[in-house]
Each structure stands twice: as C-alpha cells, then as structure tokens.
>>> print(open('coords_20.txt').read())   # compact mmCIF, C-alpha atoms and all ligand atoms
# COMPACT_ATOMS: atom_id res chain seq x y z
CA MET A 4 85.41 -72.47 -49.28
CA ALA A 5 85.58 -74.38 -45.98
CA ASN A 6 82.47 -75.34 -44.06
CA SER A 7 81.35 -73.31 -41.08
CA VAL A 8 78.78 -75.91 -40.01
CA GLU A 9 78.86 -79.67 -40.52
CA ILE A 10 76.00 -81.80 -39.30
CA ARG A 11 76.02 -85.57 -39.72
CA GLY A 12 73.21 -87.88 -38.72
CA LEU A 13 71.75 -85.45 -36.19
CA SER A 14 68.87 -86.87 -34.19
CA ARG A 15 66.80 -85.42 -31.38
CA ALA A 16 63.74 -86.87 -29.72
CA PHE A 17 61.50 -85.52 -26.97
CA ASP A 18 59.84 -88.17 -24.83
CA GLY A 19 60.17 -90.76 -27.57
CA ASN A 20 58.88 -88.37 -30.24
CA THR A 21 61.58 -88.04 -32.90
CA VAL A 22 61.88 -84.47 -34.16
CA LEU A 23 65.23 -84.54 -35.95
CA HIS A 24 65.89 -87.73 -37.84
CA GLU A 25 69.48 -88.29 -38.96
CA LEU A 26 69.70 -84.83 -40.43
CA ASP A 27 72.71 -83.86 -42.55
CA LEU A 28 73.64 -80.30 -43.40
CA ASP A 29 76.70 -78.28 -44.38
CA ILE A 30 76.89 -74.50 -44.33
CA ARG A 31 79.90 -72.85 -45.91
CA GLU A 32 81.83 -70.02 -44.32
CA GLY A 33 80.07 -66.76 -45.03
CA GLU A 34 77.05 -68.45 -46.58
CA PHE A 35 73.53 -67.10 -45.97
CA VAL A 36 71.10 -69.99 -45.58
CA ALA A 37 67.36 -69.69 -44.92
CA LEU A 38 65.37 -72.50 -43.36
CA LEU A 39 61.66 -73.01 -44.05
CA GLY A 40 59.28 -75.71 -42.91
CA HIS A 41 55.86 -76.18 -41.40
CA SER A 42 55.26 -75.25 -37.77
CA GLY A 43 56.59 -77.88 -35.40
CA CYS A 44 58.89 -79.55 -37.93
CA GLY A 45 61.97 -78.91 -35.79
CA LYS A 46 63.54 -75.66 -37.03
CA SER A 47 63.99 -74.11 -33.60
CA THR A 48 65.15 -77.45 -32.23
CA LEU A 49 67.91 -77.46 -34.84
CA LEU A 50 68.86 -73.85 -34.12
CA ARG A 51 69.00 -74.41 -30.38
CA ILE A 52 71.34 -77.34 -30.91
CA LEU A 53 73.61 -75.25 -33.15
CA ALA A 54 73.56 -72.46 -30.56
CA GLY A 55 74.77 -74.92 -27.94
CA LEU A 56 71.56 -74.70 -25.89
CA ASP A 57 70.72 -78.40 -26.25
CA ASP A 58 73.16 -81.29 -26.24
CA GLU A 59 70.89 -84.29 -25.77
CA ILE A 60 71.49 -85.36 -29.33
CA GLY A 61 72.66 -88.21 -31.50
CA GLY A 62 75.05 -87.70 -34.39
CA GLU A 63 77.77 -85.16 -34.97
CA VAL A 64 77.61 -81.39 -35.05
CA THR A 65 80.56 -79.14 -35.83
CA VAL A 66 80.03 -75.41 -35.35
CA PRO A 67 82.40 -72.47 -34.92
CA ALA A 68 83.20 -71.49 -31.34
CA ARG A 69 82.27 -67.90 -32.15
CA ARG A 70 78.56 -68.04 -32.81
CA SER A 71 75.57 -66.15 -31.56
CA ALA A 72 71.83 -66.24 -31.85
CA ALA A 73 68.82 -63.95 -31.95
CA PHE A 74 65.30 -65.24 -31.42
CA GLN A 75 61.76 -64.18 -32.23
CA SER A 76 61.41 -62.39 -28.94
CA PRO A 77 64.42 -60.17 -28.22
CA ARG A 78 64.83 -61.52 -24.66
CA LEU A 79 66.33 -58.38 -23.17
CA LEU A 80 66.78 -58.22 -19.41
CA PRO A 81 64.40 -55.48 -18.19
CA TRP A 82 66.58 -54.45 -15.25
CA LEU A 83 69.59 -53.61 -17.44
CA LYS A 84 69.89 -50.55 -19.66
CA VAL A 85 70.05 -51.26 -23.36
CA TRP A 86 73.83 -50.99 -23.71
CA ARG A 87 74.40 -53.36 -20.78
CA ASN A 88 72.08 -55.87 -22.42
CA VAL A 89 74.23 -55.69 -25.55
CA VAL A 90 77.49 -56.61 -23.82
CA LEU A 91 75.98 -58.92 -21.21
CA GLY A 92 77.92 -62.15 -20.89
CA LEU A 93 81.05 -60.92 -22.66
CA PRO A 94 84.23 -61.55 -20.70
CA GLY A 95 85.71 -58.64 -18.74
CA ARG A 96 84.07 -55.44 -17.55
CA PRO A 97 81.00 -54.22 -19.46
CA ASP A 98 82.46 -52.18 -22.33
CA ARG A 99 80.26 -49.19 -23.14
CA ALA A 100 82.25 -48.27 -26.27
CA LEU A 101 81.79 -51.75 -27.69
CA ALA A 102 78.04 -51.60 -27.04
CA ASP A 103 77.79 -48.16 -28.62
CA LYS A 104 79.57 -49.33 -31.74
CA ALA A 105 77.21 -52.28 -32.17
CA LEU A 106 74.14 -50.13 -31.48
CA ALA A 107 75.34 -47.59 -34.05
CA GLU A 108 75.70 -50.36 -36.57
CA VAL A 109 72.05 -51.35 -36.19
CA GLY A 110 70.99 -47.71 -36.28
CA ILE A 111 69.91 -47.03 -32.69
CA ALA A 112 73.00 -45.52 -31.04
CA GLU A 113 70.77 -42.95 -29.30
CA ARG A 114 68.91 -45.64 -27.32
CA ALA A 115 71.97 -46.91 -25.44
CA THR A 116 70.96 -45.62 -22.02
CA VAL A 117 67.22 -46.31 -21.99
CA TRP A 118 65.39 -49.24 -20.37
CA PRO A 119 64.34 -52.08 -22.68
CA LYS A 120 60.64 -51.54 -21.89
CA THR A 121 60.76 -48.14 -23.60
CA LEU A 122 61.79 -49.65 -26.95
CA SER A 123 59.48 -50.39 -29.86
CA GLY A 124 59.40 -53.95 -31.19
CA GLY A 125 61.65 -53.05 -34.10
CA GLN A 126 64.12 -51.27 -31.82
CA ALA A 127 64.22 -54.22 -29.42
CA GLN A 128 64.92 -56.52 -32.34
CA ARG A 129 67.80 -54.26 -33.40
CA VAL A 130 69.22 -54.42 -29.87
CA SER A 131 68.98 -58.18 -30.06
CA LEU A 132 70.94 -58.08 -33.35
CA ALA A 133 73.53 -55.75 -31.79
CA ARG A 134 73.95 -58.20 -28.92
CA ALA A 135 74.55 -61.01 -31.41
CA LEU A 136 76.99 -58.94 -33.52
CA VAL A 137 79.07 -57.68 -30.63
CA ARG A 138 80.35 -61.23 -30.29
CA GLU A 139 81.77 -61.02 -33.82
CA PRO A 140 80.28 -64.38 -34.73
CA GLU A 141 81.47 -66.60 -37.52
CA LEU A 142 77.99 -68.08 -37.42
CA LEU A 143 74.85 -66.07 -36.74
CA LEU A 144 71.70 -68.04 -35.90
CA LEU A 145 68.43 -66.17 -36.41
CA ASP A 146 65.14 -67.77 -35.37
CA GLU A 147 62.26 -65.80 -36.92
CA PRO A 148 63.77 -62.52 -35.73
CA PHE A 149 61.30 -60.47 -37.77
CA GLY A 150 58.22 -62.52 -37.01
CA ALA A 151 56.61 -60.09 -34.60
CA LEU A 152 57.28 -56.91 -36.59
CA ASP A 153 54.88 -54.93 -38.77
CA ALA A 154 55.50 -55.13 -42.52
CA LEU A 155 57.34 -51.82 -42.86
CA THR A 156 59.66 -52.38 -39.89
CA ARG A 157 60.17 -55.92 -41.00
CA GLY A 158 61.35 -54.77 -44.41
CA LYS A 159 63.82 -52.38 -42.80
CA VAL A 160 65.26 -54.93 -40.39
CA GLN A 161 65.47 -57.48 -43.22
CA GLN A 162 67.50 -55.03 -45.25
CA LEU A 163 69.68 -54.33 -42.23
CA VAL A 164 70.43 -58.02 -41.80
CA GLY A 165 71.41 -58.24 -45.47
CA GLU A 166 73.80 -55.30 -45.03
CA LEU A 167 75.27 -56.64 -41.80
CA TRP A 168 75.86 -59.98 -43.43
CA GLN A 169 77.70 -58.38 -46.35
CA ARG A 170 79.82 -56.29 -44.00
CA HIS A 171 80.68 -59.00 -41.45
CA GLY A 172 80.98 -61.95 -43.80
CA CYS A 173 79.65 -64.39 -41.19
CA ALA A 174 77.60 -67.45 -42.09
CA ILE A 175 73.91 -67.02 -41.28
CA LEU A 176 71.19 -69.57 -40.68
CA LEU A 177 67.85 -67.77 -40.73
CA VAL A 178 64.65 -69.55 -39.75
CA THR A 179 61.62 -67.93 -41.33
CA HIS A 180 58.07 -68.69 -42.43
CA ASP A 181 58.29 -66.12 -45.18
CA VAL A 182 59.24 -67.52 -48.60
CA GLU A 183 59.92 -64.06 -50.04
CA GLU A 184 62.13 -63.11 -47.13
CA ALA A 185 64.13 -66.28 -47.64
CA LEU A 186 64.54 -65.59 -51.36
CA LEU A 187 65.40 -61.93 -50.85
CA LEU A 188 68.21 -62.66 -48.42
CA ALA A 189 69.66 -66.13 -48.77
CA ASP A 190 72.21 -67.88 -50.99
CA ARG A 191 70.39 -71.13 -50.34
CA VAL A 192 66.91 -71.97 -49.06
CA LEU A 193 66.26 -75.23 -47.23
CA VAL A 194 62.91 -76.84 -46.57
CA MET A 195 62.73 -79.10 -43.57
CA ASP A 196 60.35 -82.04 -43.35
CA GLU A 197 60.18 -85.33 -41.48
CA GLY A 198 63.14 -84.30 -39.36
CA ARG A 199 65.49 -83.79 -42.29
CA ILE A 200 66.43 -81.27 -44.95
CA ALA A 201 63.93 -82.31 -47.61
CA HIS A 202 64.76 -79.65 -50.22
CA ASP A 203 67.80 -77.51 -50.87
CA LEU A 204 67.44 -74.63 -53.34
CA THR A 205 70.37 -72.51 -54.50
CA VAL A 206 69.29 -68.91 -55.11
CA ASP A 207 71.60 -67.77 -57.84
CA LEU A 208 70.16 -64.27 -58.29
CA PRO A 209 72.04 -60.95 -58.13
CA ARG A 210 71.44 -58.69 -55.13
CA PRO A 211 69.48 -56.59 -54.42
CA ARG A 212 66.80 -58.97 -55.57
CA ASP A 213 63.74 -58.07 -57.52
CA LEU A 214 60.55 -59.75 -56.30
CA THR A 215 58.96 -59.23 -59.68
CA SER A 216 61.68 -60.80 -61.83
CA PRO A 217 60.62 -64.00 -63.62
CA GLU A 218 63.48 -65.93 -61.98
CA PHE A 219 62.35 -64.83 -58.51
CA VAL A 220 58.75 -65.73 -59.25
CA THR A 221 59.80 -69.17 -60.49
CA LEU A 222 61.83 -69.92 -57.37
CA ARG A 223 59.01 -68.72 -55.15
CA ALA A 224 56.55 -71.00 -56.90
CA ARG A 225 58.90 -73.93 -56.47
CA LEU A 226 59.30 -73.31 -52.73
CA LEU A 227 55.57 -72.79 -52.23
CA GLY A 228 54.98 -76.05 -54.06
CA TRP A 229 57.28 -77.91 -51.72
CA LEU A 230 55.71 -76.31 -48.67
CA GLY A 231 52.21 -76.92 -50.04
CA VAL A 232 52.90 -80.59 -50.54
CA THR A 233 54.06 -80.71 -46.96
CA ALA A 234 50.85 -79.10 -45.67
CA HIS A 235 48.79 -81.42 -47.83
CA THR A 236 50.49 -84.49 -46.46
CA LEU A 237 50.09 -83.21 -42.92
CA GLU A 238 46.36 -82.81 -43.28
CA GLY A 239 46.24 -86.46 -44.12
CA THR A 240 44.65 -85.83 -47.50
CA PRO A 241 45.54 -88.53 -50.00
CA SER A 242 47.78 -87.06 -52.70
N1 LIG B 301 61.68 -78.97 -24.85
C1 LIG B 301 60.79 -79.70 -25.52
N2 LIG B 301 60.10 -80.69 -24.92
C2 LIG B 301 59.21 -81.45 -25.59
N3 LIG B 301 58.94 -81.28 -26.92
C3 LIG B 301 59.58 -80.30 -27.55
C4 LIG B 301 60.54 -79.46 -26.91
N4 LIG B 301 61.03 -78.59 -27.83
C5 LIG B 301 60.40 -78.86 -28.98
N5 LIG B 301 59.54 -79.89 -28.82
C6 LIG B 301 58.70 -80.47 -29.88
O1 LIG B 301 59.51 -80.66 -31.03
C7 LIG B 301 58.79 -80.35 -32.20
C8 LIG B 301 59.55 -79.31 -32.99
O2 LIG B 301 59.54 -78.10 -32.30
P1 LIG B 301 60.27 -76.80 -32.86
O3 LIG B 301 60.09 -75.73 -31.86
O4 LIG B 301 61.66 -77.16 -33.23
O5 LIG B 301 59.44 -76.51 -34.19
P2 LIG B 301 59.57 -75.30 -35.22
O6 LIG B 301 59.83 -75.88 -36.55
O7 LIG B 301 60.52 -74.30 -34.71
O8 LIG B 301 58.09 -74.72 -35.23
P3 LIG B 301 57.59 -73.19 -35.37
O9 LIG B 301 57.65 -72.89 -36.83
O10 LIG B 301 56.18 -73.24 -34.89
O11 LIG B 301 58.47 -72.31 -34.55
C9 LIG B 301 57.40 -79.93 -31.75
O12 LIG B 301 56.55 -81.03 -31.87
C10 LIG B 301 57.60 -79.55 -30.30
O13 LIG B 301 56.43 -79.79 -29.58
MG MG B 302 60.35 -72.33 -34.06
>>> encode(input="coords_20.txt", output="structure tokens", more="lines below")
Ligand SMILES: Nc1ncnc2c1ncn2[C@@H]1O[C@H](COP(=O)(O)OP(=O)(O)OP(=O)(O)O)[C@@H](O)[C@H]1O
Ligand SMILES: [Mg+2]
Amino acid sequence: MANSVEIRGLSRAFDGNTVLHELDLDIREGEFVALLGHSGCGKSTLLRILAGLDDEIGGEVTVPARRSAAFQSPRLLPWLKVWRNVVLGLPGRPDRALADKALAEVGIAERATVWPKTLSGGQAQRVSLARALVREPELLLLDEPFGALDALTRGKVQQLVGELWQRHGCAILLVTHDVEEALLLADRVLVMDEGRIAHDLTVDLPRPRDLTSPEFVTLRARLLGWLGVTAHTLEGTPS
C-alpha cells in the first residue's frame, strides 16, 4: 500500500536546542501508528509539523492535504455552540447537517446546540474528534487525546477511536504515554528518543486485543523495557 506520510531527515531546533534530529518515518495509508517517548522528547513537535502548524524545519515532509488533528485539550471556542465548533473553518456556510452527522458518529448528537462549557471532559473530547472527522481526513493526528479523561471514559473513547478508524480507513498517528493503549489500538508502535524514531514495533495481534494474552504481555514488556532504558539514561545513571 502507498504511503500516507513520508518524512526524510526532519530536523527542528528551538533556540539552538535540537529536538528533532534527522528523523525518518513512513506511515502507510490507513495504518494506525502509536508514538511513545519520554516527556519532552519531541512528540508534539512532530505532530504539530505534520499538522502544518510549524514549518521552521529542515528535511522533507510529505503529508496528505486532507488531514486533521485533535489535541489533549479539546480547544473548543466557548462563544460558539457545539455544532458550530464542529464545522468551524470548513469552506462555505456552516452546515448543521454535517455537524450533526459527525456528532452522531461520536455518540453525542443530542449535545449539538449546547455551549462547550456545559460538556463533560469526555464529551468535549468527542466533539474534538467530531471536528477532526468532519474534514474526512486521510491522516488523523491525535496528541494524547485521552490524557485528561478518567479511566472509564478513557476506555470508551479509546474504543470509539478504534471503531472510527476501522470505519473511515484513515491513517492515524496517536501520541500517548500509555503503553497498553498503544498496543490495544495500533498496527505499529514507535518509541521516540534523541530526536528520532528509536524503536519500531509491529503489533501483529488480532483485534479486539486481549491484554492478558501472552503475546500482548510480551510486547508490553518489550516496550516498557525500551522506555525504561530511556528513563534510565535520562537520569544520568550509568548503565
Ligand atoms: N515553541 C517552542 N519554543 C521553545 N521550545 C519548545 C517549543 N515547543 C517545544 N519546545 C521544546 O521542545 C522539546 C520537545 O517538546 P514537545 O512538546 O514536542 O515534547 P513531547 O514529547 O510532546 O512531551 P510531552 O510528552 O510532555 O507532551 C521540549 O524540550 C520543549 O521545551
Ligand atoms: Mg506533547
């Protein structure tokens, strides 16, 4: 299958501090990729570049024109009703029917005409997903979208993302700190370190995935090992 994303030698520095260091990455069309890595390693920096929010870069980045992003905080405009937030920025007049369809897909059709401040965290995150989906992206960029949710809501929204991915067939790059979340959802799990993709793990397990299966447990241990080594190195402890 063709690539949706191609990154070659991507570099980004802030005030002389190199965050991305000649990073290479391909994501295939329709592929679900999760991205792990210690705090501050450059995950959001990479996502912002792919979203087109940052172009002060070196190297080459090829992404589909139709792409959208959802971030840890839903970033809804408080002075617009929910449905208007969903279709904000789309060309033409705000299309209520389009917003309703997307809101129905994420399971909160009945909240279309309320103000964002009346939503729960999980509902706001669903609106944020609806806003990303309404653009019919070929690439969906998710930066810790479940980070602020309680465990139960998080599980539900995780499952929703899995279903939406299967239905829409878009490529997804999901940044997360949660190894299990990555293994439950993704075809491939990347670990970022030193400004590059340090590890690339194919998750060849049938869906829905079973956290207790020996294969799952083995992959989790491998990822935790990679992340642990990273933390160890960071603390400056000799290895
Ligand atoms: N606009 C900016 N100006 C200066 N430094 C920045 C800027 N954006 C990011 N950085 C720096 O780049 C590094 C990577 O930041 P980034 O937000 O990409 O990390 P992250 O992997 O997403 O971390 P986290 O897991 O905590 O979200 C950090 O050291 C951060 O301070
Ligand atoms: Mg981040």
>>> residues_near_point(input="coords_20.txt", point="(73.3, -70.5, -55.3)", cutoff="9 Å", atoms="all atoms listed in the file", output="PyMOL selection string")
chain A and resi 189-191+204-208
>>> residues_around(input="coords_20.txt", residues="Ala135 in chain A", least_positions_apart="2", cutoff="12 Å", atoms="only C-alpha atoms", output="PyMOL selection string")
chain A and resi 54+69-74+77-79+88-93+102+105-106+108-109+128-133+137-145+148+164+167+171+173+175
>>> residues_near_ligand(input="coords_20.txt", ligand="ligand MG 302 (chain B)", cutoff="12 Å", atoms="only C-alpha atoms and all ligand atoms", output="PyMOL selection string")
chain A and resi 38-51+74-76+145-148+150+177-180+195
>>> atom_distance(input="coords_20.txt", atom1="CA of Leu136 in chain A", atom2="CA of Leu193 in chain A")
23.8 Å
>>> atom_distance(input="coords_20.txt", atom1="CA of Leu80 in chain A", atom2="CA of Pro119 in chain A")
7.4 Å
>>> closest_residue(input="coords_20.txt", among="A:Gly55, A:Gly19, A:Pro67, A:Gly33", to="ligand LIG 301 (chain B)", atoms="all atoms listed in the file")
A:Gly19
>>> closest_residue(input="coords_20.txt", among="A:Val194, A:Lys104, A:Thr116, A:Leu187", to="Ser216 in chain A", atoms="all atoms listed in the file")
A:Leu187
>>> residues_around(input="coords_20.txt", residues="Glu184 in chain A", least_positions_apart="6", cutoff="10 Å", atoms="all atoms listed in the file", output="list of chain:residue names")
A:Ala37, A:Phe149, A:Arg157, A:Gly158, A:Gln161, A:Gln162, A:Leu177, A:Leu214
>>> closest_residue(input="coords_20.txt", among="A:Ser14, A:Gln169, A:Thr221, A:Thr215", to="ligand LIG 301 (chain B)", atoms="all atoms listed in the file")
A:Ser14
>>> atom_distance(input="coords_20.txt", atom1="CA of Gly172 in chain A", atom2="CA of Arg114 in chain A")
26.1 Å
>>> closest_residue(input="coords_20.txt", among="A:Arg134, A:Leu13, A:Glu183, A:Ala201", to="Ala224 in chain A", atoms="only C-alpha atoms")
A:Glu183
>>> residues_near_point(input="coords_20.txt", point="(69.8, -81.0, -37.2)", cutoff="9 Å", atoms="only C-alpha atoms", output="number ranges by chain")
A: 10-15, 23-28, 45-46, 48-50, 52-53, 62, 64, 198-200
>>> closest_residue(input="coords_20.txt", among="A:Glu113, A:Asp196, A:Leu226, A:Ala68", to="ligand LIG 301 (chain B)", atoms="all atoms listed in the file")
A:Asp196
>>> closest_residue(input="coords_20.txt", among="A:Glu63, A:Glu218, A:Asp103, A:Glu34", to="Leu188 in chain A", atoms="only C-alpha atoms")
A:Glu34
>>> build_atoms(input="coords_20.txt", residues="range 56-92 of chain A", atoms="N, CA and C atoms", output="compact mmCIF listing (two decimals), in the coordinates of the input")
# COMPACT_ATOMS: atom_id res chain seq x y z
N LEU A 56 72.53 -74.75 -26.99
CA LEU A 56 71.56 -74.70 -25.89
C LEU A 56 70.96 -76.07 -25.60
N ASP A 57 71.30 -77.07 -26.41
CA ASP A 57 70.72 -78.40 -26.25
C ASP A 57 71.75 -79.42 -26.73
N ASP A 58 72.15 -80.31 -25.83
CA ASP A 58 73.16 -81.29 -26.24
C ASP A 58 72.70 -82.74 -26.08
N GLU A 59 71.40 -82.91 -25.90
CA GLU A 59 70.89 -84.29 -25.77
C GLU A 59 70.58 -84.85 -27.16
N ILE A 60 71.65 -85.05 -27.91
CA ILE A 60 71.49 -85.36 -29.33
C ILE A 60 72.26 -86.62 -29.71
N GLY A 61 71.86 -87.18 -30.86
CA GLY A 61 72.66 -88.21 -31.50
C GLY A 61 73.28 -87.62 -32.74
N GLY A 62 74.39 -88.20 -33.18
CA GLY A 62 75.05 -87.70 -34.39
C GLY A 62 76.15 -86.70 -34.08
N GLU A 63 76.63 -86.07 -35.14
CA GLU A 63 77.77 -85.16 -34.97
C GLU A 63 77.45 -83.77 -35.48
N VAL A 64 77.83 -82.78 -34.68
CA VAL A 64 77.61 -81.39 -35.05
C VAL A 64 78.92 -80.62 -34.86
N THR A 65 79.38 -80.00 -35.93
CA THR A 65 80.56 -79.14 -35.83
C THR A 65 80.13 -77.72 -36.13
N VAL A 66 80.38 -76.83 -35.17
CA VAL A 66 80.03 -75.41 -35.35
C VAL A 66 81.21 -74.56 -34.89
N PRO A 67 81.32 -73.33 -35.40
CA PRO A 67 82.40 -72.47 -34.92
C PRO A 67 82.20 -72.10 -33.45
N ALA A 68 83.30 -71.89 -32.74
CA ALA A 68 83.20 -71.49 -31.34
C ALA A 68 82.53 -70.12 -31.24
N ARG A 69 82.87 -69.23 -32.18
CA ARG A 69 82.27 -67.90 -32.15
C ARG A 69 80.96 -67.91 -32.92
N ARG A 70 79.88 -68.04 -32.18
CA ARG A 70 78.56 -68.04 -32.81
C ARG A 70 77.61 -67.35 -31.85
N SER A 71 76.56 -66.78 -32.42
CA SER A 71 75.57 -66.15 -31.56
C SER A 71 74.21 -66.26 -32.20
N ALA A 72 73.19 -66.00 -31.39
CA ALA A 72 71.83 -66.24 -31.85
C ALA A 72 70.91 -65.09 -31.47
N ALA A 73 69.90 -64.87 -32.31
CA ALA A 73 68.82 -63.95 -31.95
C ALA A 73 67.50 -64.65 -32.24
N PHE A 74 66.55 -64.50 -31.33
CA PHE A 74 65.30 -65.24 -31.42
C PHE A 74 64.12 -64.32 -31.71
N GLN A 75 62.95 -64.94 -31.86
CA GLN A 75 61.76 -64.18 -32.23
C GLN A 75 61.46 -63.08 -31.21
N SER A 76 61.56 -63.44 -29.94
CA SER A 76 61.41 -62.39 -28.94
C SER A 76 62.82 -61.97 -28.52
N PRO A 77 63.05 -60.66 -28.40
CA PRO A 77 64.42 -60.17 -28.22
C PRO A 77 65.08 -60.61 -26.90
N ARG A 78 64.28 -61.00 -25.92
CA ARG A 78 64.83 -61.52 -24.66
C ARG A 78 65.84 -60.58 -24.01
N LEU A 79 65.45 -59.33 -23.87
CA LEU A 79 66.33 -58.38 -23.17
C LEU A 79 66.00 -58.42 -21.68
N LEU A 80 67.01 -58.24 -20.85
CA LEU A 80 66.78 -58.22 -19.41
C LEU A 80 66.26 -56.84 -19.02
N PRO A 81 65.05 -56.78 -18.42
CA PRO A 81 64.40 -55.48 -18.19
C PRO A 81 65.12 -54.62 -17.16
N TRP A 82 65.94 -55.23 -16.30
CA TRP A 82 66.58 -54.45 -15.25
C TRP A 82 67.97 -53.94 -15.67
N LEU A 83 68.33 -54.15 -16.93
CA LEU A 83 69.59 -53.61 -17.44
C LEU A 83 69.31 -52.64 -18.57
N LYS A 84 70.00 -51.49 -18.56
CA LYS A 84 69.89 -50.55 -19.66
C LYS A 84 70.29 -51.23 -20.97
N VAL A 85 69.83 -50.66 -22.05
CA VAL A 85 70.05 -51.26 -23.36
C VAL A 85 71.52 -51.64 -23.60
N TRP A 86 72.42 -50.71 -23.37
CA TRP A 86 73.83 -50.99 -23.71
C TRP A 86 74.38 -52.15 -22.88
N ARG A 87 73.92 -52.25 -21.62
CA ARG A 87 74.40 -53.36 -20.78
C ARG A 87 73.85 -54.70 -21.27
N ASN A 88 72.63 -54.66 -21.81
CA ASN A 88 72.08 -55.87 -22.42
C ASN A 88 72.96 -56.33 -23.59
N VAL A 89 73.46 -55.36 -24.35
CA VAL A 89 74.23 -55.69 -25.55
C VAL A 89 75.52 -56.43 -25.20
N VAL A 90 76.19 -56.00 -24.14
CA VAL A 90 77.49 -56.61 -23.82
C VAL A 90 77.40 -57.64 -22.70
N LEU A 91 76.17 -57.94 -22.28
CA LEU A 91 75.98 -58.92 -21.21
C LEU A 91 76.60 -60.27 -21.59
N GLY A 92 77.37 -60.82 -20.66
CA GLY A 92 77.92 -62.15 -20.89
C GLY A 92 79.27 -62.14 -21.59
